[in-house]
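S.K.: Below: one structure in C-alpha cells.
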Amino acid sequence: ILDVGEGTGSQGAAIQIPVRIQNCQSLVSLAGSLNLQNPAVANITGVTPGLISPQYSAINKTFNYFSNNGQALSVSQNAILFYLNVQLTGPAGSSTDIFLVNTPLAVEVGSMSGGNGVVLPHMTVLGRATVGTVGMAAGEVTTFWGEGIPEVAVSAVDGGLVAMEMTDQLGHYELPNLPLNEEYILEAAKDTLHANGLSTYALFIGQRFILGLDP
C-alpha cells in the first residue's frame, strides 16, 4: 500500500506531505506519477528524502528510485519513503486531492523474493493538500546570550487574549490555530517568584559592588 498523507498550511506556504508504504518488507525500486485534482490550489515542486531519495521531474510530475548497490532496502511498516514538497497557492479554505497515477509513468513497486527481483501488486491511497483558515506563530525566547528560556508564557493578543503556550526546555514555542488576516502582539512573561531571580542579599552585594565598596 502506497499512502499519500495530508498537509495543511496558510496561503503561500510551502508544506511537506509524507508518502508512506505498508505491507512491504524490502524495496529495490519505486516509480510512479502524481496528479492534483485542482492545480489552482497547490503545486508539487519537488521531493525531500525519507527512507529513499527518488528523482523527481516537476515537468511531468513523475518520480523514480532504484537501489544502485544491488541490495534490497529493508522497509519497516508504515515507513515514510519520501516527502512531497507542496506550494500552497489557492485561497484559504480550499483543498486538492493528490493521486498516485499510472500516466505518464506507471506506478511500480520493486522488491526481492527468494533472491529474485519481483514487482509487487499494490494499491494506493490518495492524499490531500489544504490551504488553512488559521495560521501559527512560532519562535524562541532567549537570553541576551542566545540561551533558550524555558517555562515562559507566550501570548498572542489582538485586544484580548487569543492563545497562550509555555516555552519548552529550549525556549521554543508554537501558537497554533490563529485566525488569518489579523494583527497580533506577542507577549512573553515569566513568573516573578524571588527564587527565579535575585534575592535581597544578592541585591545588597550587587549594590556594594556597584558603589565600589567591595572589590
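Chain labels follow the order of the C-alpha cells: the first chain is A, the next B, and so on; residue numbering restarts at 1 in every chain, and ligands are counted from 1 in their shown order.
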Please provide the set of residues having any atom within 8 Å of Leu73 (chain A), restricted to only C-alpha atoms, with same-chain residues fewer than 4 positions apart removed, written as a list in words.
M.R.: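 Near Leu73 (chain A), the qualifying residues are Ser26, Leu27, Val28 and Ser67 of chain A.
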S.K.: Those residues with all heavy atoms, as a short mmCIF file (atom, residue, chain, number, x, y, z; two decimals), in the first residue's frame please?
M.R.:
data_model
loop_
_atom_site.label_atom_id
_atom_site.label_comp_id
_atom_site.auth_asym_id
_atom_site.auth_seq_id
_atom_site.Cartn_x
_atom_site.Cartn_y
_atom_site.Cartn_z
N SER A 26 10.83 -5.26 1.80
CA SER A 26 12.07 -4.85 1.13
C SER A 26 11.72 -4.10 -0.15
O SER A 26 10.67 -4.32 -0.76
CB SER A 26 12.95 -6.06 0.81
OG SER A 26 12.32 -6.91 -0.13
N LEU A 27 12.64 -3.23 -0.54
CA LEU A 27 12.37 -2.38 -1.70
C LEU A 27 13.65 -2.25 -2.53
O LEU A 27 14.73 -1.98 -1.99
CB LEU A 27 11.92 -0.99 -1.22
CG LEU A 27 11.40 -0.01 -2.27
CD1 LEU A 27 10.05 -0.48 -2.82
CD2 LEU A 27 11.26 1.39 -1.68
N VAL A 28 13.52 -2.48 -3.84
CA VAL A 28 14.66 -2.27 -4.73
C VAL A 28 14.38 -1.16 -5.75
O VAL A 28 15.31 -0.58 -6.30
CB VAL A 28 15.03 -3.57 -5.48
CG1 VAL A 28 15.52 -4.62 -4.50
CG2 VAL A 28 13.86 -4.10 -6.30
N SER A 67 17.66 0.89 -6.29
CA SER A 67 18.83 0.63 -5.47
C SER A 67 20.04 0.46 -6.38
O SER A 67 20.06 -0.45 -7.22
CB SER A 67 18.63 -0.63 -4.62
OG SER A 67 19.82 -0.97 -3.93
#
S.K.: Give me the residues near Leu2 (chain A) as a count of residues only, where near means some atom within 7 Å (using only C-alpha atoms) and where sequence neighbours in that chain fewer than 2 positions away do not count.
M.R.: 8
S.K.: For Thr8 (chain A), which residue among A:Pro104, A:Gly93, A:Gly139, A:Gly146 is the nearest when counting only C-alpha atoms?
M.R.: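 Of A:Pro104, A:Gly93, A:Gly139, A:Gly146, the one nearest Thr8 (chain A) is A:Gly93, counting only C-alpha atoms.
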S.K.: Which residue out of A:Trp145, A:Asn116, A:Ala79, A:Ala188 has the minimum interatomic distance to Cys24 (chain A) when only C-alpha atoms are used?
M.R.: A:Ala79
S.K.: With distances taken over only C-alpha atoms, which residue among A:Ile52, A:Val162, A:Leu175, A:Ala138 lies nearest Tyr65 (chain A)?
M.R.: A:Ile52
S.K.: At a cut-off of 6 Å, using only C-alpha atoms, what residues contact Ala42 (chain A)? Leave out same-chain residues fewer than 5 positions from it and give the result as an MDAnalysis selection string.
M.R.: chainID A and resid 87:89
S.K.: Residues of the last selection are to be written out with all heavy atoms, as a CSV table (one decimal), in the first residue's frame.
M.R.:
chain,number,residue,atom,x,y,z
A,87,GLN,N,3.7,23.6,-2.7
A,87,GLN,CA,3.5,25.0,-2.5
A,87,GLN,C,2.0,25.3,-2.6
A,87,GLN,O,1.3,24.9,-3.6
A,87,GLN,CB,4.2,25.8,-3.6
A,87,GLN,CG,4.1,27.3,-3.5
A,87,GLN,CD,5.1,27.8,-2.4
A,87,GLN,OE1,6.2,27.3,-2.2
A,87,GLN,NE2,4.7,28.9,-1.7
A,88,LEU,N,1.4,25.9,-1.5
A,88,LEU,CA,0.0,26.2,-1.5
A,88,LEU,C,-0.3,27.6,-2.2
A,88,LEU,O,0.3,28.6,-1.7
A,88,LEU,CB,-0.5,26.2,-0.1
A,88,LEU,CG,-0.3,24.9,0.7
A,88,LEU,CD1,-0.7,25.1,2.2
A,88,LEU,CD2,-1.1,23.8,0.0
A,89,THR,N,-1.1,27.6,-3.2
A,89,THR,CA,-1.4,28.8,-3.9
A,89,THR,C,-2.8,29.2,-3.9
A,89,THR,O,-3.1,30.3,-4.3
A,89,THR,CB,-0.9,28.6,-5.4
A,89,THR,OG1,-1.6,27.4,-5.9
A,89,THR,CG2,0.6,28.3,-5.5
S.K.: Out of A:Val134, A:Val119, A:Ile44, A:Ile59, which residue has the shortest atom-to-atom distance to Thr96 (chain A) when counting only C-alpha atoms?
M.R.: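 Answer, going by the shortest atom-to-atom distance: A:Ile44.
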S.K.: Suppose you want the space between CA of Ser53 (chain A) and CA of Ala31 (chain A); what is it in Å?
M.R.: 11.7 Å
S.K.: May I ask which of the residues A:Pro121, A:Gly50, A:Gly171, A:Gly7 is the closest one to Asn23 (chain A), counting only C-alpha atoms?
M.R.: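 Closest candidate: A:Pro121.
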